[in-house]
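J.: Structure provided below as structure tokens; questions to follow.
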Amino acid sequence: MLCRVAYRVRARCFQLKAGNQEAMPTASSVEPRSETHLEYYLRPALFIPELKNKKKSSVLEEMVAHLAQHQIARQADALLEVLRQREALGSTGIGKGIAVPHARSTMVAERAVLLARSSKGVEFDAADENPVHLIFMIVAPPTERDPIYLQMLAQIVRAVRLAPARRRILEAPDFAAIRTLIGAQLSDE
């Protein structure tokens with residue numbers, strides 16, 4: 001009889017010699033779930049637990065200043081202008097309390113995701129016209145031609161598409177809890 005387990009194992013299922021018993025995997029045989037690009041780029045230093053501002057323009061300034069403080073943005077004003085130009089094309093407020101402002105710029109030292117929360121909400125010109133409570137800002141150098149940038153956008157949408165997931169992220173006590181929640185949401189796929 002082939003063994004059946006509810007989770008991934010490194011070794012292939014094997015033929016059991018002893019009756020109808022199912023083999024239980026050992027701790028060493030459980031394959032760890034690989035980290036998504038979003039999880040990899042979510043860092044405690046790039047987390048704002050509560051935004052101070054309530055208007056899109058001010059929030060973008062606050063977030064870019066945070067990136068500059070952590071040496072992600074070389075020239076904050078130039079990056080802010082790129083983000084504002086992107087917002088002029090159409091709001092990155094995707095609805096359901098979520099915004100994903102994103103930009104590629106030579107003023108960015110490395111690919112990064114900055115997560116910020118607002119319990120009161122931000123006027124972000126979202127598609128559904130509701131305030132935004134979770135903002136995932138993605139920035140990257142323009143020289144990157146790999147698909148990771150777009151994959152992170154897709155992973156953000158998947159991680160927050162359900163109302164209970166969004167609520168848990170907003171109510172999470174700290175960054176570690178948020179990262180765990182996002183990882184769990186992405187692994188449910």
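Chain labels follow the order of the structure tokens: the first chain is A, the next B, and so on; residue numbering restarts at 1 in every chain, and ligands are counted from 1 in their shown order.
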Based on DSSP run over this structure's backbone, return all residues of region 11-189 of chain A in helix (DSSP H, G or I), as JSON, numbers by chain.
T.: {"A": [27, 28, 29, 37, 38, 39, 40, 41, 56, 57, 58, 59, 60, 61, 62, 63, 64, 65, 66, 67, 68, 69, 76, 77, 78, 79, 80, 81, 82, 83, 84, 85, 86, 87, 88, 89, 148, 149, 150, 151, 152, 153, 154, 155, 156, 157, 158, 159, 160, 163, 164, 165, 166, 167, 168, 169, 170, 171, 175, 176, 177, 178, 179, 180, 181, 182, 183, 184, 185, 186, 187]}
J.: Could those residues be written to a file, using C-alpha atoms, as an mmCIF file, in the first residue's frame?
T.:
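File produced: selection_38.cif:
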data_model
loop_
_atom_site.group_PDB
_atom_site.id
_atom_site.type_symbol
_atom_site.label_atom_id
_atom_site.label_comp_id
_atom_site.auth_asym_id
_atom_site.auth_seq_id
_atom_site.Cartn_x
_atom_site.Cartn_y
_atom_site.Cartn_z
ATOM 1 C CA ALA A 27 10.698 15.333 11.098
ATOM 2 C CA SER A 28 13.591 15.197 8.639
ATOM 3 C CA SER A 29 11.323 14.052 5.808
ATOM 4 C CA HIS A 37 9.124 36.611 -3.148
ATOM 5 C CA LEU A 38 6.766 38.772 -1.078
ATOM 6 C CA GLU A 39 7.755 37.033 2.156
ATOM 7 C CA TYR A 40 11.430 37.357 1.267
ATOM 8 C CA TYR A 41 11.197 41.113 0.735
ATOM 9 C CA LYS A 56 -2.376 59.963 -0.361
ATOM 10 C CA SER A 57 0.274 62.586 -1.157
ATOM 11 C CA SER A 58 1.380 62.890 2.479
ATOM 12 C CA VAL A 59 1.382 59.110 2.938
ATOM 13 C CA LEU A 60 3.597 58.664 -0.130
ATOM 14 C CA GLU A 61 6.001 61.244 1.338
ATOM 15 C CA GLU A 62 5.996 59.465 4.705
ATOM 16 C CA MET A 63 6.677 56.091 3.101
ATOM 17 C CA VAL A 64 9.437 57.375 0.806
ATOM 18 C CA ALA A 65 11.082 59.095 3.801
ATOM 19 C CA HIS A 66 11.038 55.722 5.564
ATOM 20 C CA LEU A 67 12.711 54.102 2.543
ATOM 21 C CA ALA A 68 15.341 56.858 2.515
ATOM 22 C CA GLN A 69 15.964 56.402 6.229
ATOM 23 C CA ALA A 76 13.715 60.682 -1.762
ATOM 24 C CA ASP A 77 12.368 63.622 -3.786
ATOM 25 C CA ALA A 78 13.122 61.947 -7.112
ATOM 26 C CA LEU A 79 11.523 58.655 -6.051
ATOM 27 C CA LEU A 80 8.502 60.508 -4.701
ATOM 28 C CA GLU A 81 8.082 62.226 -8.071
ATOM 29 C CA VAL A 82 8.175 58.855 -9.889
ATOM 30 C CA LEU A 83 5.503 57.494 -7.531
ATOM 31 C CA ARG A 84 3.345 60.592 -8.020
ATOM 32 C CA GLN A 85 3.654 60.250 -11.803
ATOM 33 C CA ARG A 86 2.549 56.618 -11.502
ATOM 34 C CA GLU A 87 -0.450 57.671 -9.385
ATOM 35 C CA ALA A 88 -1.337 60.306 -12.012
ATOM 36 C CA LEU A 89 -1.784 57.473 -14.527
ATOM 37 C CA ILE A 148 9.788 39.080 -9.466
ATOM 38 C CA TYR A 149 8.333 42.618 -9.422
ATOM 39 C CA LEU A 150 5.083 41.458 -11.043
ATOM 40 C CA GLN A 151 5.027 38.247 -9.019
ATOM 41 C CA MET A 152 5.137 40.297 -5.817
ATOM 42 C CA LEU A 153 2.174 42.376 -7.028
ATOM 43 C CA ALA A 154 0.234 39.170 -7.653
ATOM 44 C CA GLN A 155 1.232 37.717 -4.275
ATOM 45 C CA ILE A 156 0.042 40.834 -2.461
ATOM 46 C CA VAL A 157 -3.344 40.574 -4.137
ATOM 47 C CA ARG A 158 -3.580 36.861 -3.266
ATOM 48 C CA ALA A 159 -2.534 37.465 0.347
ATOM 49 C CA VAL A 160 -5.183 40.125 1.019
ATOM 50 C CA ALA A 163 -11.759 40.031 4.147
ATOM 51 C CA PRO A 164 -10.756 37.851 7.141
ATOM 52 C CA ALA A 165 -7.106 37.914 6.023
ATOM 53 C CA ARG A 166 -7.160 41.705 5.707
ATOM 54 C CA ARG A 167 -8.777 42.048 9.138
ATOM 55 C CA ARG A 168 -6.176 39.751 10.770
ATOM 56 C CA ILE A 169 -3.314 41.743 9.210
ATOM 57 C CA LEU A 170 -4.802 44.996 10.489
ATOM 58 C CA GLU A 171 -5.276 43.546 13.975
ATOM 59 C CA PHE A 175 5.427 42.589 12.092
ATOM 60 C CA ALA A 176 6.241 38.945 12.851
ATOM 61 C CA ALA A 177 2.554 38.127 13.201
ATOM 62 C CA ILE A 178 1.756 39.912 9.934
ATOM 63 C CA ARG A 179 4.484 38.058 8.063
ATOM 64 C CA THR A 180 3.218 34.750 9.442
ATOM 65 C CA LEU A 181 -0.351 35.600 8.406
ATOM 66 C CA ILE A 182 0.735 36.548 4.886
ATOM 67 C CA GLY A 183 2.826 33.390 4.582
ATOM 68 C CA ALA A 184 -0.095 31.246 5.716
ATOM 69 C CA GLN A 185 -2.420 32.953 3.253
ATOM 70 C CA LEU A 186 -0.007 32.375 0.378
ATOM 71 C CA SER A 187 0.621 28.748 1.339
#
J.: Need the shell around Thr106 (chain A): protein/DNA/RNA residues with any atom at most 10 Å away, counting only C-alpha atoms. Skip same-chain ones fewer than 3 positions apart. Format as a ChimeraX atom specification?
T.: /A:73-75,78-79,109-110,140-143
J.: DSSP says strand (DSSP E) for which residues of chain A? Put them as a VMD selection string?
T.: chain A and resid 42 to 48 93 to 95 98 to 99 102 to 104 112 to 122 132 to 140
J.: Print the selection's residues with C-alpha atoms to a file, as a PDB file, in the first residue's frame.
T.:
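In the end it all went to part-v2.pdb:
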ATOM      1  CA  LEU A  42       8.977  41.858   3.743  1.00  0.00           C
ATOM      2  CA  ARG A  43      11.371  43.056   6.450  1.00  0.00           C
ATOM      3  CA  PRO A  44      10.739  44.396   9.955  1.00  0.00           C
ATOM      4  CA  ALA A  45      12.698  47.586   9.196  1.00  0.00           C
ATOM      5  CA  LEU A  46      10.370  48.274   6.252  1.00  0.00           C
ATOM      6  CA  PHE A  47       7.163  48.242   8.286  1.00  0.00           C
ATOM      7  CA  ILE A  48       5.171  51.247   9.482  1.00  0.00           C
ATOM      8  CA  GLY A  93      -5.668  51.947  -4.574  1.00  0.00           C
ATOM      9  CA  ILE A  94      -7.083  48.624  -5.773  1.00  0.00           C
ATOM     10  CA  GLY A  95     -10.093  48.578  -3.450  1.00  0.00           C
ATOM     11  CA  ILE A  98      -5.659  48.015  -0.153  1.00  0.00           C
ATOM     12  CA  ALA A  99      -3.189  50.140  -2.128  1.00  0.00           C
ATOM     13  CA  HIS A 102       4.889  50.836  -7.072  1.00  0.00           C
ATOM     14  CA  ALA A 103       7.712  52.271  -9.132  1.00  0.00           C
ATOM     15  CA  ARG A 104      10.997  51.462 -10.778  1.00  0.00           C
ATOM     16  CA  ALA A 112      12.023  46.406  -1.556  1.00  0.00           C
ATOM     17  CA  VAL A 113       8.508  46.164  -0.158  1.00  0.00           C
ATOM     18  CA  LEU A 114       7.386  48.643   2.485  1.00  0.00           C
ATOM     19  CA  LEU A 115       4.221  47.700   4.369  1.00  0.00           C
ATOM     20  CA  ALA A 116       2.239  50.362   6.192  1.00  0.00           C
ATOM     21  CA  ARG A 117      -1.040  50.264   8.094  1.00  0.00           C
ATOM     22  CA  SER A 118      -3.610  52.930   8.876  1.00  0.00           C
ATOM     23  CA  SER A 119      -6.370  52.111  11.345  1.00  0.00           C
ATOM     24  CA  LYS A 120      -8.256  55.303  10.436  1.00  0.00           C
ATOM     25  CA  GLY A 121      -7.782  54.902   6.706  1.00  0.00           C
ATOM     26  CA  VAL A 122      -6.138  56.937   3.973  1.00  0.00           C
ATOM     27  CA  VAL A 132      -7.156  52.387   2.352  1.00  0.00           C
ATOM     28  CA  HIS A 133      -5.888  50.631   5.481  1.00  0.00           C
ATOM     29  CA  LEU A 134      -3.025  48.500   4.117  1.00  0.00           C
ATOM     30  CA  ILE A 135      -0.399  49.898   1.775  1.00  0.00           C
ATOM     31  CA  PHE A 136       2.272  47.730   0.184  1.00  0.00           C
ATOM     32  CA  MET A 137       4.803  49.965  -1.591  1.00  0.00           C
ATOM     33  CA  ILE A 138       7.045  48.135  -4.060  1.00  0.00           C
ATOM     34  CA  VAL A 139      10.159  49.832  -5.413  1.00  0.00           C
ATOM     35  CA  ALA A 140      12.907  48.433  -7.611  1.00  0.00           C
TER      36      ALA A 140
END
J.: Counting only C-alpha atoms, figure out which residue out of A:Ala127, A:Val108, A:Leu162, A:Ala172 gets nearest to Gln71 (chain A).
T.: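 Closest to Gln71 (chain A), using only C-alpha atoms: A:Val108.
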J.: Could you tell me how far CA of Asp188 (chain A) lies from CA of Pro49 (chain A), in Å and to one decimal?
T.: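 Straight-line distance from CA of Asp188 (chain A) to CA of Pro49 (chain A) works out to 25.2 Å.
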J.: Calculate how many Å separate CA of Gly90 (chain A) from CA of Glu123 (chain A), rounding to one decimal.
T.: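 Result for CA of Gly90 (chain A) versus CA of Glu123 (chain A): 14.2 Å, one decimal.
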